[in-house]
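One structure is given below, encoded as structure tokens.
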Amino acid sequence: MNTVSNESTLYSNSSNGSSKSLWTNNRFMRMFIAYALATFGDWFDALAIQVMVAYRWGADPLIIALIPVCMAVPGIVLGSVAGALADRLHKVKIMMICDVVTVLLTIAVLFAPSAAWLLPLLALRAMMGVFHVPAQQALTRQVVPEEHLFQASSLNGFVSQCSKVAGPLLGAVTLAVFSPQVCILINACTRLLSGAVLWPLRRLTEKKEPSESFTLEGSPLGAESKEPLFTQWQKGWRFILSSRTLLSTILFGCVGLMAILMIDYQFTTLFREIKPGNEALIGWMGSSAGAGAVVIILLLNRLPRIGYGWGLGGGYLLIGVGIAALGWIGPQTSEIWVIIWGLCIGLGNGLFMVTLNYLLQKETPPAYVGRVFGIQNSLSSVVLVVAPLAGGALIRATGASLTFQYIGMATLTIGLAGIILQRILWEGKQPRRLEPTGELGQESVRQP
């Protein structure tokens, strides 16, 4: 039996939900391993690049501040377009191309002589992630049966949070023994391995199930492959605007993210004021937040699903409590409370991220997953640029402690609103669903 027909048969089995366990879904497990390698590598060299720029090159603080901005700009400009391409083209090939180009750009970063070369290379490398994420999410929606989507989102979230803890930690050890260049080279190797793991899926046949097709303005999705890219991009936006669940989720997520990112880069500023002699405190706080996220994701992985309002609103509520509490910490407060409130923030972050990814996967038909995640990524990138600047201005005006208290209470309020208003926000009308009528080439419309 040739590779194409074999992969097609395996795909059909997974999409019909015949797989009894997510762990026996070979396509998802390959994607999962590739995602784990890529995510670990990204966090592994993030610390190395900061050390190289700040300590080895002695760059100006403004240059250092431009690093996250350069990495966010591609998402703003290309996020929604990348999502449309993910729905239009072969997803595994997009992911593999992104991995290969990322390897080449990472090697180029290794030889960058100055920040003037480094910043454009980091922006181009971030652009590969902009195209990779929607393709991965769209393919996950196709190869994972609906009853396993929540578990798949939990596993991906678990890997993401573990990478945030283990990547910088192992990167710091490698930095102490070797050099930033070794860390960057390791990232290139993990990306190369990621592409190699995906290689057997390169001939995977992507099918569209008629029972999962949706229509907007009477146009079936089956004809979309013949439409221009711009038309499909427009349909992605119209689909989100027509779905109260998706629109509420993306707007709710951006409002809360705006509040959180206003202080996300300012923890060092806060600890410098309240605990000036303890430079390791930021590391303890970050590790405890990562541990909290891992714990909640492991617990969520044992559940079949979670209510949207409780997951999204509850996540923001826990994050808000942790941020506000850190704002009330004084010089005489024991460091153990920093770890406790870091755990609280991590629990909220893990709860929110798993619920968000699960919701976007479950409430979106396979043909639109790439565009939905691309648009969500684009809007989040805008927040990523604007929020830190606003947070820095607020801290200069009111001080770090008061700013943390204000932002924490605002985030807590957003979370409470999500829980209280969940029936309004996440139980609206959905786009019309098409179902087969039993006659070839004909479909009927029903309202959910």
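Chain labels follow the order of the structure tokens: the first chain is A, the next B, and so on; residue numbering restarts at 1 in every chain, and ligands are counted from 1 in their shown order.
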### Task
From the DSSP assignment of the backbone, select every residue of region 158-369 of chain A that is helix (DSSP H, G or I), and format the answer as a PyMOL selection string.
chain A and resi 158-177+180-201+210-212+221-226+229-242+244-264+267-274+281-300+308-327+336-362+366-369
### Task
Find the residues around Lys362 (chain A) up to 12 Å (only C-alpha atoms counted), leave out those fewer than 6 positions away in its own chain, and share them as number ranges by chain.
A: 137-138, 140-142, 144-153, 212, 245-246, 305-306, 308, 355-356, 368-369, 372
### Query
Smallest atom-to-atom distance to Val103 (chain A): which of A:Gly79, A:Gly41, A:Pro134, A:Gly58, using only C-alpha atoms?
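Nearest candidate to Val103 (chain A) out of A:Gly79, A:Gly41, A:Pro134, A:Gly58: A:Gly41.
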## Note on the structure
The residue from A:Pro180, A:Gly348, A:Gly195, A:Gly392 with the smallest atom-to-atom distance to Leu312 (chain A), counting only C-alpha atoms, is A:Gly348
### Task
Identify which of the residues A:Ile97, A:Leu47, A:Leu379, A:Val92 lies closest to Phe252 (chain A), counting only C-alpha atoms when measuring atom-to-atom distances.
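Of A:Ile97, A:Leu47, A:Leu379, A:Val92, the one nearest Phe252 (chain A), counting only C-alpha atoms, is A:Leu379.
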#### Entry: CA of Phe28 (chain A) to CA of Val197 (chain A), straight-line distance in Å
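These two atoms are separated by 11.3 Å.
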### Task
Would you mind writing down, as a list in words, each residue of region 203-423 of chain A that DSSP on the backbone assigns to strand (DSSP E or B)?
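Answer for region 203-423 of chain A restricted to strand (DSSP E or B) is Phe214, Thr215, Leu216, Ser219 and Pro220 of chain A.
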### Message
I'd like the neighbourhood of Leu66 (chain A) as a PyMOL selection string, where a residue qualifies if any of its atoms comes within 12 Å (using only C-alpha atoms), though same-chain residues fewer than 4 positions away should be ignored.
### Response
chain A and resi 50+53+59-62+70-73+115-116+118-120+122-123+385+388-389
Store the residues picked out above, limited to all heavy atoms, as a CSV table (one decimal), in the first residue's frame.
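Result written to again.csv:
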```
chain,number,residue,atom,x,y,z
A,50,GLN,N,19.1,37.7,24.9
A,50,GLN,CA,19.1,38.8,25.8
A,50,GLN,C,20.5,39.0,26.4
A,50,GLN,O,20.9,40.2,26.5
A,50,GLN,CB,18.0,38.6,26.9
A,50,GLN,CG,16.6,38.6,26.4
A,50,GLN,CD,15.6,38.4,27.6
A,50,GLN,OE1,15.7,38.9,28.6
A,50,GLN,NE2,14.7,37.5,27.4
A,53,VAL,N,22.9,40.4,23.8
A,53,VAL,CA,22.7,41.9,23.5
A,53,VAL,C,23.0,42.7,24.6
A,53,VAL,O,23.7,43.8,24.5
A,53,VAL,CB,21.2,42.1,23.1
A,53,VAL,CG1,20.9,43.6,22.9
A,53,VAL,CG2,20.9,41.3,21.8
A,59,ALA,N,24.4,46.7,24.6
A,59,ALA,CA,23.4,47.5,23.8
A,59,ALA,C,22.6,48.5,24.7
A,59,ALA,O,22.4,48.3,25.9
A,59,ALA,CB,22.4,46.6,23.0
A,60,ASP,N,22.1,49.6,24.1
A,60,ASP,CA,21.3,50.6,24.7
A,60,ASP,C,20.0,49.9,25.2
A,60,ASP,O,19.5,49.0,24.5
A,60,ASP,CB,21.0,51.7,23.8
A,60,ASP,CG,20.3,52.8,24.5
A,60,ASP,OD1,20.9,53.7,25.1
A,60,ASP,OD2,19.0,52.8,24.4
A,61,PRO,N,19.4,50.3,26.3
A,61,PRO,CA,18.1,49.8,26.8
A,61,PRO,C,17.0,49.9,25.7
A,61,PRO,O,16.1,49.0,25.6
A,61,PRO,CB,17.8,50.6,28.0
A,61,PRO,CG,19.1,51.0,28.5
A,61,PRO,CD,20.0,51.2,27.3
A,62,LEU,N,17.1,50.9,24.9
A,62,LEU,CA,16.1,51.1,23.8
A,62,LEU,C,16.2,50.0,22.8
A,62,LEU,O,15.1,49.4,22.3
A,62,LEU,CB,16.2,52.4,23.1
A,62,LEU,CG,15.2,52.7,22.0
A,62,LEU,CD1,13.8,52.7,22.5
A,62,LEU,CD2,15.6,54.1,21.3
A,70,CYS,N,9.9,44.0,17.7
A,70,CYS,CA,10.2,43.5,16.3
A,70,CYS,C,9.6,42.1,16.2
A,70,CYS,O,9.2,41.7,15.1
A,70,CYS,CB,11.7,43.4,16.2
A,70,CYS,SG,12.5,45.0,15.9
A,71,MET,N,9.5,41.3,17.3
A,71,MET,CA,9.0,40.0,17.2
A,71,MET,C,7.5,40.0,17.2
A,71,MET,O,6.8,39.0,16.7
A,71,MET,CB,9.5,39.2,18.4
A,71,MET,CG,11.0,38.9,18.4
A,71,MET,SD,11.6,38.1,19.8
A,71,MET,CE,10.9,36.5,19.6
A,72,ALA,N,6.8,41.1,17.6
A,72,ALA,CA,5.4,41.2,17.5
A,72,ALA,C,4.8,41.8,16.2
A,72,ALA,O,3.7,41.5,15.8
A,72,ALA,CB,4.9,42.1,18.7
A,73,VAL,N,5.6,42.6,15.6
A,73,VAL,CA,5.2,43.3,14.3
A,73,VAL,C,4.7,42.3,13.2
A,73,VAL,O,3.7,42.5,12.6
A,73,VAL,CB,6.2,44.3,13.8
A,73,VAL,CG1,5.9,44.7,12.4
A,73,VAL,CG2,6.4,45.5,14.7
A,115,ALA,N,23.3,44.7,16.6
A,115,ALA,CA,21.8,44.7,16.8
A,115,ALA,C,21.1,45.1,15.5
A,115,ALA,O,20.0,44.7,15.2
A,115,ALA,CB,21.4,45.7,17.9
A,116,ALA,N,21.8,45.9,14.7
A,116,ALA,CA,21.3,46.3,13.4
A,116,ALA,C,21.0,45.1,12.5
A,116,ALA,O,20.0,45.2,11.7
A,116,ALA,CB,22.2,47.3,12.7
A,118,LEU,N,20.7,41.9,14.0
A,118,LEU,CA,19.9,41.0,14.8
A,118,LEU,C,18.4,41.3,14.7
A,118,LEU,O,17.6,40.3,14.6
A,118,LEU,CB,20.4,41.1,16.2
A,118,LEU,CG,19.7,40.2,17.2
A,118,LEU,CD1,19.9,38.7,16.9
A,118,LEU,CD2,20.1,40.5,18.7
A,119,LEU,N,18.0,42.5,14.9
A,119,LEU,CA,16.6,42.8,15.0
A,119,LEU,C,15.8,42.4,13.7
A,119,LEU,O,14.7,41.8,13.8
A,119,LEU,CB,16.4,44.3,15.2
A,119,LEU,CG,16.9,44.8,16.6
A,119,LEU,CD1,16.7,46.3,16.7
A,119,LEU,CD2,16.1,44.1,17.7
A,120,PRO,N,16.3,42.7,12.5
A,120,PRO,CA,15.5,42.2,11.3
A,120,PRO,C,15.5,40.7,11.3
A,120,PRO,O,14.5,40.1,10.8
A,120,PRO,CB,16.3,42.8,10.1
A,120,PRO,CG,17.1,43.9,10.7
A,120,PRO,CD,17.4,43.6,12.1
A,122,LEU,N,15.5,38.6,13.8
A,122,LEU,CA,14.5,38.1,14.8
A,122,LEU,C,13.1,38.4,14.3
A,122,LEU,O,12.2,37.5,14.5
A,122,LEU,CB,14.7,38.9,16.1
A,122,LEU,CG,16.0,38.5,16.9
A,122,LEU,CD1,16.0,39.3,18.2
A,122,LEU,CD2,16.0,37.0,17.2
A,123,ALA,N,12.8,39.5,13.6
A,123,ALA,CA,11.5,39.8,13.0
A,123,ALA,C,11.1,38.7,12.0
A,123,ALA,O,10.0,38.2,11.9
A,123,ALA,CB,11.5,41.2,12.4
A,385,VAL,N,2.2,45.0,21.6
A,385,VAL,CA,3.0,46.2,21.3
A,385,VAL,C,2.5,47.4,22.2
A,385,VAL,O,3.3,48.2,22.8
A,385,VAL,CB,3.0,46.6,19.8
A,385,VAL,CG1,3.6,48.0,19.6
A,385,VAL,CG2,3.7,45.5,19.0
A,388,PRO,N,2.6,47.1,26.9
A,388,PRO,CA,3.8,47.4,27.7
A,388,PRO,C,4.1,48.9,27.7
A,388,PRO,O,4.6,49.4,28.8
A,388,PRO,CB,4.9,46.6,27.0
A,388,PRO,CG,4.2,45.5,26.3
A,388,PRO,CD,2.9,46.1,25.8
A,389,LEU,N,3.9,49.6,26.6
A,389,LEU,CA,4.2,51.0,26.6
A,389,LEU,C,3.3,51.8,27.6
A,389,LEU,O,3.7,52.7,28.3
A,389,LEU,CB,4.1,51.6,25.2
A,389,LEU,CG,5.0,51.0,24.2
A,389,LEU,CD1,4.7,51.6,22.8
A,389,LEU,CD2,6.5,51.3,24.5
```
### Query
Any idea what the distance is between CA of Thr106 (chain A) and CA of Thr268 (chain A)?
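So the two atoms, CA of Thr106 (chain A) and CA of Thr268 (chain A), lie 28.1 Å apart.
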### Message
Quick check, in Å to one decimal: how far apart do CA of Asn156 (chain A) and CA of Leu343 (chain A) lie?
### Response
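Result for CA of Asn156 (chain A) versus CA of Leu343 (chain A): 19.7 Å, one decimal.
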### Message
Using only C-alpha atoms for the distances, tell me which of A:Phe111, A:Phe32, A:Trp237, A:Phe158 is nearest to Ile296 (chain A).
### Response
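Checking each candidate against Ile296 (chain A), we get A:Phe158 as the closest.
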#### Entry: Using only C-alpha atoms: which of A:Ala324, A:Ala387, A:Met29, A:Val101 has the shortest distance to Ala188 (chain A)
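Using only C-alpha atoms, Ala188 (chain A) sits closest to A:Val101.
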### Message
Between A:Gln266, A:Thr413, A:Asn377, A:Thr403, which residue has the minimum interatomic distance to Gly315 (chain A), considering only C-alpha atoms?
### Response
A:Thr413
### Message
When you look at Arg423 (chain A) with a cut-off of 12 Å (counting only C-alpha atoms), what residues show up, excluding the ones that are within fewer than 5 positions of it in the same chain? I need them as a ChimeraX atom specification.
### Response
/A:244-245,248,307-310,417-418,428-429
